[in-house]
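Working notes, structure below.
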Amino acid sequence: MKKYLLIFILLCWVAGVLSLLWYPMVDVPRTVREITYYDKAAHLVFFGVMAYLFIVIGIAWDKFKFARIALFSFTAVTLINVLGEYAQAYIPGRTPSYLDFSAGLIGTLLAIPLAYMLNYAPRQKLLLHVCCAPCAVAVAEILQAGYKLELYFFNPNIHPEKEYRKRLAEVKNLAKKFGVKLRVGNYDYQNWLEAVKGHEADLEGGSRCELCFTHRLQSAAELASRRNFHFYGTTLAISPHKNSYLVNKIGSAIAESMGQKFLDKDFKENNGWQRSLVLSKKYGFYRQKYCGCEFSSRNT
Ligand code: SF4
């Protein structure tokens, strides 16, 4: 909603600026005319605000890196600036001016660091542990708007390795679609078996799963600490087959023991799971038929 409102404001701004540039005679009050370079300052503000709005919309869209957004904004606003000046050659009472163009260009350039400092840099870094693309897609959609998001695929519980590769490929696909960085942990199934030793025969949802969550979230918390993320979180809790309370309790306890912050959220709320079904279908993600380990696959 916010981005559509911003687009509307931008369109109004562009229309307003071009109207002023192309209006045959703009009647400027004398007090304003007496200010030195008032018209240059006006060009600087007109195009600076335009570039700023372009960038803020790009950030709100949350699909592209800042450099791409800035480049697009610079190109679009400079083209409008060129067009605005060029067309004045054909409008009675107006003349194109290199100085006006340059003032607009300076405004466009100044808007880039300003938008970065005010809108992009302050977002907190969140490392999101993802179990699979279908679960991650709705969570990533929710979190991307408020955080600087990176994904972490660490799921050595998945068996066999062919299945692991398949789910990893889908998560890579998801990261590409959302324009977010993906980090991939080691696939050490033997180590995971050690972590759940003695609980192989447990029912799904029991102690084996508790140990499995701990194993994976511990790794995510360690990485988040090493890489200075403000928070870490997980997509595990969105599935109706997982106990959100338990997942969040484990995540919070690990975070506390490491001086880290865990994003304690129940993504099932507000139809999170239904949204993940819709988005998975839209993107054509592969949906697995069992949780991940060989024991869950046998039960299925
Ligand atoms: S059923 Fe799922 S959560 Fe439980 S141990 Fe197996 S892979 Fe882990």
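In the structure tokens, the first chain shown is A, the next is B, and so on; residue numbers restart at 1 for each chain, and ligands run from 1 in the order shown.
Within 10 Å of Glu200 (chain A), once only C-alpha atoms are used and residues closer than 3 positions along the same chain are dropped, the contacting residues are A:Leu193, A:Val196, A:Lys197, A:Leu203, A:Glu204, A:Ser207, A:Arg208, A:Cys209, A:Cys293, A:Glu294, A:Phe295, A:Ser296.
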Nearby residues, ligand 1, 10 Å, only C-alpha atoms and all ligand atoms, as a ChimeraX atom specification: /A:131,155-159,192-193,195-196,199-200,202-216,236,241-243,247,290-297,299
Selection above as a file: N, CA and C atoms, as a short mmCIF file (atom, residue, chain, number, x, y, z; two decimals), in the first residue's frame:
data_model
loop_
_atom_site.label_atom_id
_atom_site.label_comp_id
_atom_site.auth_asym_id
_atom_site.auth_seq_id
_atom_site.Cartn_x
_atom_site.Cartn_y
_atom_site.Cartn_z
N CYS A 131 14.22 -23.48 6.17
CA CYS A 131 14.20 -24.94 6.10
C CYS A 131 13.92 -25.39 4.66
N ASN A 155 20.57 -27.28 6.88
CA ASN A 155 19.62 -28.36 7.16
C ASN A 155 20.26 -29.73 6.90
N PRO A 156 21.25 -30.07 7.74
CA PRO A 156 21.92 -31.36 7.53
C PRO A 156 21.04 -32.54 7.93
N ASN A 157 19.83 -32.25 8.41
CA ASN A 157 18.86 -33.29 8.76
C ASN A 157 18.26 -33.95 7.52
N ILE A 158 18.35 -33.25 6.37
CA ILE A 158 17.65 -33.75 5.18
C ILE A 158 18.34 -34.98 4.59
N HIS A 159 17.56 -35.97 4.30
CA HIS A 159 18.07 -37.24 3.80
C HIS A 159 17.14 -37.76 2.71
N TRP A 192 24.69 -34.62 12.26
CA TRP A 192 23.30 -34.44 12.68
C TRP A 192 22.77 -35.71 13.36
N LEU A 193 23.16 -36.89 12.78
CA LEU A 193 22.73 -38.16 13.40
C LEU A 193 23.23 -38.26 14.83
N ALA A 195 23.77 -35.77 16.79
CA ALA A 195 23.00 -34.81 17.60
C ALA A 195 21.66 -35.38 18.06
N VAL A 196 21.07 -36.29 17.28
CA VAL A 196 19.75 -36.83 17.65
C VAL A 196 19.84 -38.30 18.13
N HIS A 199 17.28 -41.04 19.78
CA HIS A 199 15.89 -40.60 19.58
C HIS A 199 15.38 -40.94 18.19
N GLU A 200 16.09 -41.86 17.55
CA GLU A 200 15.73 -42.20 16.16
C GLU A 200 14.29 -42.68 16.05
N ASP A 202 11.76 -41.87 17.97
CA ASP A 202 10.75 -40.93 18.51
C ASP A 202 9.74 -40.56 17.43
N LEU A 203 8.56 -40.23 17.89
CA LEU A 203 7.55 -39.77 16.94
C LEU A 203 7.87 -38.36 16.49
N GLU A 204 7.43 -38.01 15.29
CA GLU A 204 7.65 -36.64 14.80
C GLU A 204 6.98 -35.65 15.75
N GLY A 205 7.73 -34.61 16.09
CA GLY A 205 7.21 -33.62 17.04
C GLY A 205 7.73 -33.86 18.45
N GLY A 206 8.44 -34.97 18.65
CA GLY A 206 8.97 -35.30 19.98
C GLY A 206 10.38 -34.78 20.21
N SER A 207 11.12 -35.52 21.08
CA SER A 207 12.45 -35.05 21.49
C SER A 207 13.44 -34.96 20.33
N ARG A 208 13.30 -35.89 19.35
CA ARG A 208 14.23 -35.84 18.22
C ARG A 208 14.11 -34.50 17.48
N CYS A 209 12.90 -34.05 17.32
CA CYS A 209 12.68 -32.78 16.61
C CYS A 209 13.24 -31.62 17.43
N GLU A 210 13.09 -31.73 18.75
CA GLU A 210 13.60 -30.67 19.62
C GLU A 210 15.13 -30.56 19.44
N LEU A 211 15.78 -31.72 19.41
CA LEU A 211 17.25 -31.72 19.23
C LEU A 211 17.62 -31.22 17.83
N CYS A 212 16.79 -31.58 16.87
CA CYS A 212 17.03 -31.18 15.48
C CYS A 212 16.92 -29.66 15.34
N PHE A 213 15.88 -29.09 15.95
CA PHE A 213 15.73 -27.62 15.90
C PHE A 213 16.94 -26.96 16.55
N THR A 214 17.34 -27.49 17.70
CA THR A 214 18.47 -26.90 18.45
C THR A 214 19.73 -26.93 17.59
N HIS A 215 19.97 -28.08 16.95
CA HIS A 215 21.18 -28.23 16.13
C HIS A 215 21.22 -27.16 15.03
N ARG A 216 20.10 -26.96 14.37
CA ARG A 216 20.07 -26.02 13.24
C ARG A 216 20.08 -24.56 13.71
N LEU A 236 11.05 -22.20 10.38
CA LEU A 236 10.52 -23.49 10.84
C LEU A 236 9.11 -23.40 11.42
N HIS A 241 2.90 -28.31 10.91
CA HIS A 241 3.42 -29.54 11.53
C HIS A 241 4.43 -29.24 12.62
N LYS A 242 4.77 -27.96 12.79
CA LYS A 242 5.79 -27.61 13.79
C LYS A 242 5.16 -26.80 14.92
N ASN A 243 5.70 -27.04 16.10
CA ASN A 243 5.22 -26.34 17.29
C ASN A 243 5.92 -24.98 17.39
N VAL A 247 9.68 -24.01 18.90
CA VAL A 247 10.73 -23.47 18.02
C VAL A 247 11.21 -22.12 18.56
N TYR A 290 7.77 -35.00 3.00
CA TYR A 290 8.12 -35.36 4.38
C TYR A 290 9.02 -34.29 4.96
N CYS A 291 9.14 -34.29 6.29
CA CYS A 291 9.84 -33.19 6.97
C CYS A 291 11.28 -33.07 6.50
N GLY A 292 12.03 -34.19 6.55
CA GLY A 292 13.42 -34.07 6.09
C GLY A 292 14.29 -35.27 6.40
N CYS A 293 14.28 -35.74 7.65
CA CYS A 293 15.21 -36.83 8.01
C CYS A 293 14.69 -38.19 7.53
N GLU A 294 15.57 -39.17 7.57
CA GLU A 294 15.18 -40.51 7.09
C GLU A 294 14.05 -41.09 7.94
N PHE A 295 13.99 -40.71 9.24
CA PHE A 295 12.96 -41.25 10.12
C PHE A 295 11.59 -40.68 9.74
N SER A 296 11.57 -39.41 9.42
CA SER A 296 10.27 -38.80 9.03
C SER A 296 9.84 -39.34 7.68
N SER A 297 10.83 -39.63 6.81
CA SER A 297 10.45 -40.14 5.49
C SER A 297 9.86 -41.55 5.61
N ASN A 299 8.17 -42.67 8.24
CA ASN A 299 6.81 -42.54 8.79
C ASN A 299 5.82 -42.13 7.72
#
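Distance annotation: of A:Ala60, A:Tyr52, A:Ala220, A:Asp39, the residue with the minimal separation from Tyr4 (chain A) is A:Ala60; atom set is only C-alpha atoms.
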Every residue of region 76-165 of chain A that DSSP places in strand (DSSP E or B), as a list of chain:residue names: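 Of region 76-165 of chain A, the ones in strand (DSSP E or B) are A:Gln124, A:Lys125, A:Leu126, A:Leu127, A:Leu128, A:His129, A:Tyr147, A:Lys148, A:Leu149, A:Glu150, A:Leu151, A:Tyr152, A:Phe153.
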Nearest to Leu223 (chain A), chosen from A:Ile254, A:Ala133, A:Leu127, A:Ile142, with only C-alpha atoms counted in the distances: A:Leu127
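When only C-alpha atoms are used to compute distances to Lys281 (chain A), the closest of the residues A:Ala42, A:Leu182, A:Ala138, A:Leu246 turns out to be A:Ala138.
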